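Participant: Enclosed is the structure file structure_31.txt (compact mmCIF, C-alpha atoms).
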# COMPACT_ATOMS: atom_id res chain seq x y z
CA GLN L 1 -8.03 0.94 -16.19
CA VAL L 2 -7.06 3.00 -13.18
CA GLN L 3 -4.32 5.56 -12.57
CA LEU L 4 -2.76 5.88 -9.13
CA VAL L 5 -1.00 8.86 -7.56
CA GLU L 6 0.69 8.59 -4.17
CA SER L 7 1.41 11.47 -1.81
CA GLY L 8 2.34 12.08 1.79
CA GLY L 9 5.90 10.85 1.89
CA GLY L 10 8.69 12.79 3.52
CA LEU L 11 11.42 12.86 6.13
CA VAL L 12 10.52 11.95 9.71
CA GLN L 13 12.40 11.04 12.84
CA ALA L 14 12.28 7.55 14.26
CA GLY L 15 9.15 7.11 16.35
CA GLY L 16 7.23 9.59 14.26
CA SER L 17 4.22 9.15 11.99
CA LEU L 18 3.25 9.73 8.39
CA ARG L 19 0.08 9.13 6.44
CA LEU L 20 0.39 8.16 2.81
CA SER L 21 -2.46 8.66 0.37
CA CYS L 22 -3.09 7.06 -2.99
CA ALA L 23 -5.67 8.74 -5.21
CA ALA L 24 -7.20 6.65 -7.96
CA SER L 25 -8.90 7.71 -11.16
CA GLY L 26 -12.01 6.04 -12.48
CA ARG L 27 -15.55 5.38 -11.31
CA THR L 28 -15.24 1.80 -10.06
CA PHE L 29 -12.68 2.23 -7.32
CA SER L 30 -14.57 -0.03 -4.94
CA GLY L 31 -14.06 -2.89 -7.38
CA TYR L 32 -10.29 -2.81 -6.90
CA PHE L 33 -8.28 -4.59 -4.28
CA MET L 34 -5.55 -2.18 -3.17
CA GLY L 35 -2.07 -2.83 -1.84
CA TRP L 36 0.93 -0.93 -0.54
CA PHE L 37 4.47 -2.10 -1.29
CA ARG L 38 7.85 -0.60 -0.61
CA HIS L 39 11.26 -0.77 -2.21
CA ALA L 40 14.46 0.11 -0.40
CA PRO L 41 17.85 0.39 -2.15
CA GLY L 42 19.55 -2.97 -2.44
CA LYS L 43 16.46 -4.87 -1.35
CA GLU L 44 13.61 -6.68 -3.03
CA ARG L 45 10.21 -5.03 -3.35
CA GLU L 46 8.35 -5.80 -0.15
CA PHE L 47 4.68 -6.19 0.60
CA VAL L 48 3.36 -3.84 3.29
CA ALA L 49 -0.43 -4.05 3.45
CA ALA L 50 -3.52 -4.72 1.36
CA ILE L 51 -7.24 -4.05 1.62
CA SER L 52 -10.30 -5.44 -0.12
CA GLY L 53 -12.67 -3.32 -2.15
CA SER L 54 -15.23 -3.12 0.61
CA ALA L 55 -12.52 -2.54 3.23
CA GLY L 56 -13.80 -5.61 5.02
CA ASN L 57 -10.54 -7.51 4.77
CA THR L 58 -6.99 -6.39 5.37
CA VAL L 59 -3.61 -8.09 5.56
CA TYR L 60 -0.26 -6.80 6.80
CA ALA L 61 3.37 -7.77 6.63
CA ASP L 62 4.67 -8.96 9.97
CA SER L 63 7.24 -6.16 9.95
CA VAL L 64 4.54 -3.47 10.09
CA LYS L 65 1.74 -5.22 11.96
CA GLY L 66 0.59 -3.12 14.90
CA ARG L 67 2.30 0.02 13.58
CA PHE L 68 0.72 0.59 10.15
CA THR L 69 -2.96 0.77 9.23
CA ILE L 70 -4.39 0.56 5.75
CA SER L 71 -7.80 2.07 5.04
CA ARG L 72 -9.79 3.39 2.12
CA ASP L 73 -12.51 5.89 1.34
CA ASN L 74 -14.35 4.70 -1.74
CA ALA L 75 -16.30 7.95 -1.97
CA LYS L 76 -12.97 9.76 -2.42
CA ASN L 77 -11.31 7.06 -4.53
CA THR L 78 -8.43 7.04 -2.07
CA VAL L 79 -6.52 4.46 -0.07
CA TYR L 80 -4.41 5.43 2.93
CA LEU L 81 -1.49 4.02 4.85
CA GLN L 82 -1.16 5.39 8.36
CA MET L 83 2.36 4.72 9.58
CA ASN L 84 3.14 5.08 13.27
CA SER L 85 6.23 4.31 15.36
CA LEU L 86 8.37 4.59 12.27
CA LYS L 87 11.79 3.00 12.24
CA PRO L 88 14.84 3.69 10.06
CA GLU L 89 14.29 0.32 8.39
CA ASP L 90 10.95 1.63 7.09
CA THR L 91 12.88 3.95 4.77
CA ALA L 92 11.88 3.15 1.18
CA VAL L 93 9.89 4.29 -1.80
CA TYR L 94 6.28 3.35 -1.12
CA TYR L 95 4.00 2.33 -3.96
CA CYS L 96 0.31 1.71 -4.09
CA ALA L 97 -1.06 -0.90 -6.44
CA ALA L 98 -4.46 -2.06 -7.66
CA THR L 99 -6.06 -5.14 -9.12
CA ARG L 100 -9.59 -6.11 -10.11
CA VAL L 101 -8.81 -9.81 -9.98
CA TYR L 102 -10.52 -11.73 -7.20
CA TYR L 103 -8.58 -14.36 -5.30
CA SER L 104 -10.13 -16.70 -2.80
CA SER L 105 -7.60 -15.90 -0.10
CA ILE L 106 -6.44 -12.47 0.94
CA ASP L 107 -2.93 -13.88 1.23
CA TYR L 108 -2.68 -13.89 -2.57
CA TYR L 109 -2.67 -10.10 -2.47
CA THR L 110 0.70 -10.02 -0.72
CA ASP L 111 2.35 -10.95 -4.03
CA HIS L 112 3.20 -7.93 -6.18
CA HIS L 113 2.71 -10.02 -9.33
CA ARG L 114 -1.05 -10.01 -8.60
CA TYR L 115 -1.34 -6.28 -9.23
CA ALA L 116 -1.78 -4.74 -12.68
CA TYR L 117 -1.70 -1.04 -11.82
CA TRP L 118 0.98 0.92 -9.95
CA GLY L 119 1.60 4.46 -8.85
CA GLN L 120 4.85 6.34 -9.28
CA GLY L 121 5.85 5.99 -5.63
CA THR L 122 6.52 8.37 -2.76
CA GLN L 123 9.74 8.48 -0.75
CA VAL L 124 9.65 7.87 2.99
CA THR L 125 12.84 8.51 4.93
CA VAL L 126 13.09 7.78 8.65
CA SER L 127 16.11 9.22 10.43
CA SER L 128 17.56 7.68 13.56
I need this file expressed as C-alpha cells, please.
Facilitator:
Amino acid sequence: QVQLVESGGGLVQAGGSLRLSCAASGRTFSGYFMGWFRHAPGKEREFVAAISGSAGNTVYADSVKGRFTISRDNAKNTVYLQMNSLKPEDTAVYYCAATRVYYSSIDYYTDHHRYAYWGQGTQVTVSS
C-alpha cells in the first residue's frame, strides 16, 4: 500500500507556471505507475498525465501536451507535474494516483479506474 500527498498548488496568472509534487510513502515506489488527474467544478474527472515506474514511458492528455511535463525521482519517492503556459481552463483540484498493476499499453493508464491509490488533491487556480 502507498500513501500519496500532493503539494505545490496555488493561484497563478494565465501564462504562468506551477510545479506540483506528489510524495509517496513506502519502499517500492519505482514499482508504481503514477498518474495526475484533475477535477474542476461541474466537470468529470480528467486525465492529465501518467508515467511508468522507470520513467521510460509517459502519456499526456491532448489538452496539456506541450505545456505540462510529468517526471519522477524514485530516490525521493516523488512524482512531479511541471505546468507551464497555464490557462484559466486548467483551474481544478489536481490529484496524483498510483497503481502497481501492469497494462500492456500505456493508454490504459489514462483511465482513473486503473488506479487504486489517490492523494487528497491540491487546488490550482489560474486567473485571466
Participant: Just the residues within 8 Å of segment 45-55 of chain L, please, counting all atoms listed in the file, with nothing from its chain fewer than 3 positions along; format it as an mmCIF file with C-alpha atoms, in the coordinates of the input.
Facilitator:
data_model
loop_
_atom_site.group_PDB
_atom_site.id
_atom_site.type_symbol
_atom_site.label_atom_id
_atom_site.label_comp_id
_atom_site.auth_asym_id
_atom_site.auth_seq_id
_atom_site.Cartn_x
_atom_site.Cartn_y
_atom_site.Cartn_z
ATOM 1 C CA PHE L 29 -12.680 2.230 -7.320
ATOM 2 C CA SER L 30 -14.570 -0.030 -4.940
ATOM 3 C CA GLY L 31 -14.060 -2.890 -7.380
ATOM 4 C CA TYR L 32 -10.290 -2.810 -6.900
ATOM 5 C CA PHE L 33 -8.280 -4.590 -4.280
ATOM 6 C CA MET L 34 -5.550 -2.180 -3.170
ATOM 7 C CA GLY L 35 -2.070 -2.830 -1.840
ATOM 8 C CA TRP L 36 0.930 -0.930 -0.540
ATOM 9 C CA PHE L 37 4.470 -2.100 -1.290
ATOM 10 C CA ARG L 38 7.850 -0.600 -0.610
ATOM 11 C CA HIS L 39 11.260 -0.770 -2.210
ATOM 12 C CA ALA L 40 14.460 0.110 -0.400
ATOM 13 C CA THR L 58 -6.990 -6.390 5.370
ATOM 14 C CA VAL L 59 -3.610 -8.090 5.560
ATOM 15 C CA TYR L 60 -0.260 -6.800 6.800
ATOM 16 C CA ALA L 61 3.370 -7.770 6.630
ATOM 17 C CA VAL L 64 4.540 -3.470 10.090
ATOM 18 C CA THR L 69 -2.960 0.770 9.230
ATOM 19 C CA ILE L 70 -4.390 0.560 5.750
ATOM 20 C CA SER L 71 -7.800 2.070 5.040
ATOM 21 C CA ARG L 72 -9.790 3.390 2.120
ATOM 22 C CA TYR L 109 -2.670 -10.100 -2.470
ATOM 23 C CA THR L 110 0.700 -10.020 -0.720
ATOM 24 C CA ASP L 111 2.350 -10.950 -4.030
ATOM 25 C CA HIS L 112 3.200 -7.930 -6.180
#
Participant: Could you jot down the atom CA of Thr78 of chain L to atom CA of Ser105 of chain L separation for me, Å, one decimal place?
Facilitator: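 Atom CA of Thr78 of chain L sits 23.0 Å away from atom CA of Ser105 of chain L.
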Participant: Looking at L:Ala23, L:Val93, L:Ile106, L:Val79, which one is nearest to Asn57 of chain L, with distances taken over only C-alpha atoms?
Facilitator: L:Ile106
Participant: Would you list the residues near (13.6, 6.2, 3.2) (no more than 12 Å away, in the coordinates of the file, using all atoms listed in the file) as a PyMOL selection string?
Facilitator: chain L and resi 9-14+38-41+86-94+121-128
Participant: Write a file of the selected residues as an mmCIF file, keeping the file's coordinate frame, keeping C-alpha atoms.
Facilitator:
data_model
loop_
_atom_site.group_PDB
_atom_site.id
_atom_site.type_symbol
_atom_site.label_atom_id
_atom_site.label_comp_id
_atom_site.auth_asym_id
_atom_site.auth_seq_id
_atom_site.Cartn_x
_atom_site.Cartn_y
_atom_site.Cartn_z
ATOM 1 C CA GLY L 9 5.900 10.850 1.890
ATOM 2 C CA GLY L 10 8.690 12.790 3.520
ATOM 3 C CA LEU L 11 11.420 12.860 6.130
ATOM 4 C CA VAL L 12 10.520 11.950 9.710
ATOM 5 C CA GLN L 13 12.400 11.040 12.840
ATOM 6 C CA ALA L 14 12.280 7.550 14.260
ATOM 7 C CA ARG L 38 7.850 -0.600 -0.610
ATOM 8 C CA HIS L 39 11.260 -0.770 -2.210
ATOM 9 C CA ALA L 40 14.460 0.110 -0.400
ATOM 10 C CA PRO L 41 17.850 0.390 -2.150
ATOM 11 C CA LEU L 86 8.370 4.590 12.270
ATOM 12 C CA LYS L 87 11.790 3.000 12.240
ATOM 13 C CA PRO L 88 14.840 3.690 10.060
ATOM 14 C CA GLU L 89 14.290 0.320 8.390
ATOM 15 C CA ASP L 90 10.950 1.630 7.090
ATOM 16 C CA THR L 91 12.880 3.950 4.770
ATOM 17 C CA ALA L 92 11.880 3.150 1.180
ATOM 18 C CA VAL L 93 9.890 4.290 -1.800
ATOM 19 C CA TYR L 94 6.280 3.350 -1.120
ATOM 20 C CA GLY L 121 5.850 5.990 -5.630
ATOM 21 C CA THR L 122 6.520 8.370 -2.760
ATOM 22 C CA GLN L 123 9.740 8.480 -0.750
ATOM 23 C CA VAL L 124 9.650 7.870 2.990
ATOM 24 C CA THR L 125 12.840 8.510 4.930
ATOM 25 C CA VAL L 126 13.090 7.780 8.650
ATOM 26 C CA SER L 127 16.110 9.220 10.430
ATOM 27 C CA SER L 128 17.560 7.680 13.560
#
Participant: Would you mind telling me which residue in L:Gly8, L:Tyr95, L:Asp107, L:Gly15 lies nearest to Gln120 of chain L when using only C-alpha atoms?
Facilitator: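 Smallest distance to Gln120 of chain L is found for L:Tyr95.
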